[in-house]
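J.: Here you go, this is entry-v6.cif (mmCIF, C-alpha atoms).
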data_coords
loop_
_atom_site.label_atom_id
_atom_site.label_comp_id
_atom_site.auth_asym_id
_atom_site.auth_seq_id
_atom_site.Cartn_x
_atom_site.Cartn_y
_atom_site.Cartn_z
CA MET A 16 0.00 0.00 0.00
CA THR A 17 2.83 2.42 0.80
CA GLY A 18 4.30 1.89 -2.67
CA VAL A 19 1.01 2.87 -4.32
CA VAL A 20 0.74 6.07 -2.29
CA ALA A 21 4.36 6.95 -3.00
CA ALA A 22 3.82 6.44 -6.75
CA VAL A 23 0.92 8.93 -6.93
CA PRO A 24 2.20 12.40 -7.90
CA VAL A 25 1.39 14.92 -5.16
CA ALA A 26 0.62 17.60 -7.77
CA TRP A 27 -2.12 15.39 -9.22
CA ILE A 28 -3.74 14.93 -5.80
CA VAL A 29 -3.54 18.66 -5.07
CA ALA A 30 -4.97 19.49 -8.52
CA ARG A 31 -7.93 17.17 -8.00
CA ALA A 32 -8.68 18.38 -4.48
CA ALA A 33 -8.25 22.08 -5.31
CA GLY A 34 -10.39 21.73 -8.43
CA LEU A 35 -13.25 20.13 -6.51
CA VAL A 36 -13.03 22.69 -3.70
CA ALA A 37 -12.92 25.55 -6.23
CA PHE A 38 -16.00 24.16 -7.96
CA GLY A 39 -17.79 23.80 -4.62
CA LEU A 40 -17.01 27.35 -3.50
CA LEU A 41 -17.94 28.89 -6.85
CA THR A 42 -21.15 26.87 -6.89
CA LEU A 43 -22.03 28.19 -3.42
CA SER A 44 -21.35 31.67 -4.74
CA VAL A 45 -23.75 31.14 -7.65
CA TRP A 46 -26.40 29.81 -5.27
CA LEU A 47 -25.98 32.79 -2.96
CA GLY A 48 -26.02 35.28 -5.84
CA LEU A 49 -29.25 33.80 -7.15
CA ALA A 50 -30.78 33.69 -3.67
CA MET A 51 -29.88 37.36 -3.23
CA SER A 52 -31.40 38.30 -6.58
CA THR A 53 -34.67 36.57 -5.66
CA ARG A 54 -34.57 38.24 -2.22
CA ILE A 55 -35.75 34.99 -0.59
CA LEU A 56 -33.15 35.51 2.14
CA GLY A 57 -34.59 38.90 3.05
CA VAL A 58 -33.85 42.45 2.02
CA ARG A 59 -32.14 43.51 5.26
CA ARG A 60 -29.31 41.03 4.92
CA GLN A 61 -28.29 42.00 1.36
CA LYS A 62 -25.11 43.86 2.36
CA ALA A 63 -23.83 41.04 4.57
CA LEU A 64 -24.81 38.46 1.96
CA LEU A 65 -22.97 40.42 -0.71
CA GLY A 66 -19.86 40.25 1.46
CA TRP A 67 -20.21 36.48 1.72
CA HIS A 68 -20.86 36.23 -2.02
CA ARG A 69 -17.66 38.13 -2.82
CA THR A 70 -15.67 36.13 -0.27
CA LEU A 71 -16.86 32.85 -1.78
CA VAL A 72 -15.93 34.05 -5.28
CA TRP A 73 -12.41 35.14 -4.35
CA THR A 74 -11.78 32.08 -2.18
CA GLY A 75 -13.01 29.88 -5.03
CA LEU A 76 -10.71 31.70 -7.44
CA SER A 77 -7.80 31.21 -5.02
CA MET A 78 -8.49 27.48 -5.04
CA LEU A 79 -8.73 27.64 -8.83
CA GLY A 80 -5.26 29.21 -8.83
CA LEU A 81 -4.00 26.33 -6.71
CA HIS A 82 -5.69 23.89 -9.11
CA VAL A 83 -3.99 25.51 -12.10
CA GLY A 84 -0.60 25.66 -10.36
CA ALA A 85 -0.79 22.00 -9.42
CA VAL A 86 -1.77 21.05 -12.97
CA LEU A 87 1.29 22.91 -14.24
CA LEU A 88 3.50 20.91 -11.86
CA ASP A 89 1.92 17.54 -12.70
CA PRO A 90 4.71 15.33 -14.08
CA VAL A 91 2.31 13.05 -15.97
CA LEU A 92 0.17 15.31 -18.15
CA HIS A 93 2.80 18.00 -18.87
CA PHE A 94 0.46 20.96 -19.33
CA SER A 95 2.05 24.15 -20.59
CA LEU A 96 1.10 27.65 -19.50
CA ALA A 97 -0.66 28.19 -22.83
CA SER A 98 -2.70 24.99 -22.45
CA ILE A 99 -4.21 26.21 -19.16
CA LEU A 100 -4.74 29.82 -20.26
CA VAL A 101 -5.92 29.41 -23.87
CA PRO A 102 -9.05 27.42 -24.75
CA PHE A 103 -8.44 24.32 -26.91
CA ALA A 104 -4.64 24.56 -26.51
CA ALA A 105 -4.43 21.56 -24.15
CA PRO A 106 -3.13 18.34 -25.69
CA TRP A 107 -5.24 16.14 -23.36
CA ARG A 108 -9.05 16.33 -23.68
CA PRO A 109 -8.97 19.78 -25.31
CA ALA A 110 -12.75 20.39 -25.18
CA ALA A 111 -13.01 19.44 -21.50
CA ILE A 112 -10.02 21.58 -20.57
CA ALA A 113 -11.30 24.47 -22.72
CA ALA A 114 -14.57 24.40 -20.77
CA GLY A 115 -12.57 24.84 -17.56
CA VAL A 116 -10.37 27.58 -19.04
CA VAL A 117 -13.35 29.62 -20.25
CA ALA A 118 -15.18 29.06 -16.95
CA GLY A 119 -12.12 30.29 -15.07
CA TRP A 120 -11.79 33.43 -17.20
CA LEU A 121 -15.51 34.16 -16.87
CA SER A 122 -15.35 33.70 -13.09
CA LEU A 123 -12.39 36.06 -12.86
CA MET A 124 -14.20 38.63 -15.02
CA LEU A 125 -17.30 38.40 -12.82
CA ALA A 126 -15.25 38.77 -9.64
CA ALA A 127 -13.44 41.80 -11.05
CA SER A 128 -16.77 43.33 -12.07
CA PHE A 129 -17.54 44.08 -8.41
CA ARG A 130 -14.78 46.70 -8.52
CA LEU A 131 -15.94 48.03 -11.90
CA ARG A 132 -19.63 48.36 -11.05
CA LYS A 133 -19.57 52.15 -10.75
CA TRP A 134 -18.05 52.46 -14.24
CA ILE A 135 -20.25 49.91 -16.00
CA GLY A 136 -23.39 50.86 -14.09
CA GLN A 137 -25.83 48.73 -12.16
CA ARG A 138 -27.74 47.64 -15.26
CA GLY A 139 -24.56 46.65 -17.12
CA TRP A 140 -23.25 44.86 -14.06
CA ARG A 141 -26.48 42.84 -13.75
CA ARG A 142 -26.37 41.93 -17.44
CA LEU A 143 -22.75 40.92 -17.13
CA HIS A 144 -23.70 38.61 -14.28
CA TYR A 145 -25.80 36.49 -16.64
CA ALA A 146 -22.41 35.11 -17.68
CA SER A 147 -22.35 33.34 -14.30
CA PHE A 148 -24.76 30.77 -15.77
CA ALA A 149 -22.32 30.06 -18.59
CA SER A 150 -19.40 29.95 -16.17
CA PHE A 151 -21.22 27.53 -13.89
CA GLY A 152 -22.28 25.27 -16.78
CA LEU A 153 -18.79 25.21 -18.25
CA ALA A 154 -17.21 24.49 -14.87
CA LEU A 155 -19.64 21.62 -14.34
CA ALA A 156 -18.89 20.26 -17.82
CA HIS A 157 -15.15 20.54 -17.11
CA ALA A 158 -15.52 18.67 -13.83
CA LEU A 159 -17.58 15.90 -15.39
CA MET A 160 -15.53 15.50 -18.58
CA SER A 161 -12.01 15.80 -17.19
CA GLY A 162 -12.33 14.97 -13.49
CA THR A 163 -11.21 11.47 -12.62
CA ASP A 164 -13.16 11.56 -9.35
CA LEU A 165 -16.52 12.11 -11.03
CA VAL A 166 -16.83 9.06 -13.23
CA GLY A 167 -20.15 7.22 -13.14
CA ILE A 168 -22.72 7.78 -10.42
CA ARG A 169 -20.52 10.22 -8.48
CA GLY A 170 -20.61 12.64 -11.39
CA SER A 171 -24.37 12.34 -11.69
CA ILE A 172 -24.80 13.01 -7.99
CA LEU A 173 -22.50 16.04 -8.12
CA ALA A 174 -24.34 17.40 -11.14
CA ALA A 175 -27.74 16.98 -9.45
CA VAL A 176 -26.59 18.53 -6.18
CA ALA A 177 -24.90 21.48 -7.89
CA LEU A 178 -27.43 22.06 -10.66
CA GLY A 179 -30.66 21.57 -8.68
CA PRO A 180 -30.48 24.81 -6.66
CA VAL A 181 -29.28 26.77 -9.70
CA LEU A 182 -32.32 25.67 -11.69
CA TRP A 183 -34.73 26.18 -8.80
CA LEU A 184 -33.39 29.63 -7.93
CA GLY A 185 -33.19 30.59 -11.60
CA PHE A 186 -36.85 29.75 -12.10
CA ALA A 187 -37.72 31.51 -8.84
CA ARG A 188 -35.90 34.59 -10.11
CA LEU A 189 -38.03 34.55 -13.24
CA LEU A 190 -41.37 33.62 -11.73
CA LEU A 191 -41.63 34.97 -8.18
CA PRO A 192 -43.19 38.40 -7.76
CA GLY A 193 -40.61 40.88 -6.55
CA ALA A 194 -37.73 38.70 -7.67
CA GLY A 195 -37.23 40.20 -11.09
CA GLY A 196 -39.95 38.23 -12.84
CA PRO A 197 -43.54 39.40 -13.42
CA ARG A 198 -43.17 42.50 -11.24
CA ARG A 199 -40.16 43.81 -13.17
CA GLN A 200 -41.98 43.13 -16.45
CA ALA A 201 -45.01 45.08 -15.20
CA LEU A 202 -42.79 47.99 -14.23
CA ARG A 203 -41.17 48.02 -17.65
CA ALA A 204 -44.58 47.94 -19.32
CA ALA A 205 -45.86 50.79 -17.13
CA SER A 206 -42.83 52.98 -17.92
CA ALA A 207 -43.08 52.35 -21.68
#
Please, can you express the file's structure as structure tokens?

T.:
Amino acid sequence: MTGVVAAVPVAWIVARAAGLVAFGLLTLSVWLGLAMSTRILGVRRQKALLGWHRTLVWTGLSMLGLHVGAVLLDPVLHFSLASILVPFAAPWRPAAIAAGVVAGWLSLMLAASFRLRKWIGQRGWRRLHYASFASFGLALAHALMSGTDLVGIRGSILAAVALGPVLWLGFARLLLPGAGGPRRQALRAASA
């Protein structure tokens, strides 16, 4: 047993663990962002929740940085800097890796948008945040298509656990009064 453990590259273990933790933290951030936009957690807590949302994003991105660094150090796959920064440049499973690369760039752009909100405006910032759905979907696809820990039923369970609240909160955002759905449409119609 000791020989098997010694033969496993540490970078590969760190990459797997950091990738899963990054996905978990960024998923929690998406859930919280959607819950805030529906206001189901209450209006009074928005400022504190926004702080948690931003903390989850930046902590998730830190873990993503660890994931990327560990992948670069992996002695088996030999990823280059270009293959982890440029979509479809990876020699191993290029579509799966590209999904992760694009998800990472989108997540970084969304995190940076908090600082740029006053220049892009509230409306532009909200529109930009629709990219979080694409980022989440691409990150999930990356995890399922390239992650060795998510083969078979484990991947299906992860997808259901991660995707279920996103779908539920997304529909709640569209359909609940006061959550951006029918009420916002009525306000737009009244102002037109």

J.: With the PyMOL selection byres ((chain A and resi 160) around 10) as the selection, what would be picked from this file? Answer as an MDAnalysis selection string, please.

T.: chainID A and resid 108 110:112 114:115 154:159 161:163 165:166 170

J.: Got a sec to resolve the PyMOL selection byres ((chain A and resi 121) around 12) on this structure and send the residues as a ChimeraX atom specification?

T.: /A:41,72,76,114-120,122-128,143-154

J.: Select, from A:Pro109, A:Gly66, A:Leu47, A:Gly167, the residue with the minimum atom-to-atom distance to Phe94 in chain A, counting all atoms listed in the file.

T.: A:Pro109

J.: To one decimal in Å, tell me the separation between CA of Ala33 in chain A and CA of Leu79 in chain A.

T.: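 Rounded to one decimal, the two atoms are 6.6 Å apart.
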
J.: Taking the file as I've supplied it (selection: the PyMOL selection byres ((chain A and resi 51) around 10)), which residues are included? Please answer as a PyMOL selection string.

T.: chain A and resi 45-50+52-58+60-62+64-65+68+184+188+194

J.: Only N, CA and C atoms needed: put range 178-189 of chain A from the block into a file as a PDB file, in the first residue's frame.

T.:
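Dumped everything to selection12.pdb:
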ATOM      1  N   LEU A 178     -26.526  21.463  -9.687  1.00  0.00           N
ATOM      2  CA  LEU A 178     -27.434  22.064 -10.659  1.00  0.00           C
ATOM      3  C   LEU A 178     -28.840  22.296 -10.112  1.00  0.00           C
ATOM      4  N   GLY A 179     -29.302  21.439  -9.212  1.00  0.00           N
ATOM      5  CA  GLY A 179     -30.661  21.569  -8.682  1.00  0.00           C
ATOM      6  C   GLY A 179     -30.975  22.954  -8.132  1.00  0.00           C
ATOM      7  N   PRO A 180     -30.197  23.466  -7.191  1.00  0.00           N
ATOM      8  CA  PRO A 180     -30.483  24.807  -6.658  1.00  0.00           C
ATOM      9  C   PRO A 180     -30.344  25.910  -7.698  1.00  0.00           C
ATOM     10  N   VAL A 181     -29.427  25.752  -8.653  1.00  0.00           N
ATOM     11  CA  VAL A 181     -29.278  26.773  -9.697  1.00  0.00           C
ATOM     12  C   VAL A 181     -30.551  26.843 -10.535  1.00  0.00           C
ATOM     13  N   LEU A 182     -31.071  25.690 -10.912  1.00  0.00           N
ATOM     14  CA  LEU A 182     -32.317  25.669 -11.694  1.00  0.00           C
ATOM     15  C   LEU A 182     -33.489  26.206 -10.887  1.00  0.00           C
ATOM     16  N   TRP A 183     -33.619  25.742  -9.646  1.00  0.00           N
ATOM     17  CA  TRP A 183     -34.733  26.178  -8.803  1.00  0.00           C
ATOM     18  C   TRP A 183     -34.684  27.684  -8.581  1.00  0.00           C
ATOM     19  N   LEU A 184     -33.514  28.199  -8.189  1.00  0.00           N
ATOM     20  CA  LEU A 184     -33.386  29.631  -7.930  1.00  0.00           C
ATOM     21  C   LEU A 184     -33.510  30.447  -9.212  1.00  0.00           C
ATOM     22  N   GLY A 185     -33.037  29.899 -10.315  1.00  0.00           N
ATOM     23  CA  GLY A 185     -33.186  30.590 -11.600  1.00  0.00           C
ATOM     24  C   GLY A 185     -34.657  30.742 -11.987  1.00  0.00           C
ATOM     25  N   PHE A 186     -35.414  29.661 -11.825  1.00  0.00           N
ATOM     26  CA  PHE A 186     -36.850  29.754 -12.103  1.00  0.00           C
ATOM     27  C   PHE A 186     -37.548  30.663 -11.102  1.00  0.00           C
ATOM     28  N   ALA A 187     -37.142  30.612  -9.848  1.00  0.00           N
ATOM     29  CA  ALA A 187     -37.722  31.507  -8.836  1.00  0.00           C
ATOM     30  C   ALA A 187     -37.453  32.957  -9.202  1.00  0.00           C
ATOM     31  N   ARG A 188     -36.267  33.222  -9.699  1.00  0.00           N
ATOM     32  CA  ARG A 188     -35.905  34.590 -10.113  1.00  0.00           C
ATOM     33  C   ARG A 188     -36.824  35.074 -11.221  1.00  0.00           C
ATOM     34  N   LEU A 189     -37.163  34.184 -12.119  1.00  0.00           N
ATOM     35  CA  LEU A 189     -38.028  34.552 -13.245  1.00  0.00           C
ATOM     36  C   LEU A 189     -39.504  34.634 -12.867  1.00  0.00           C
TER      37      LEU A 189
END
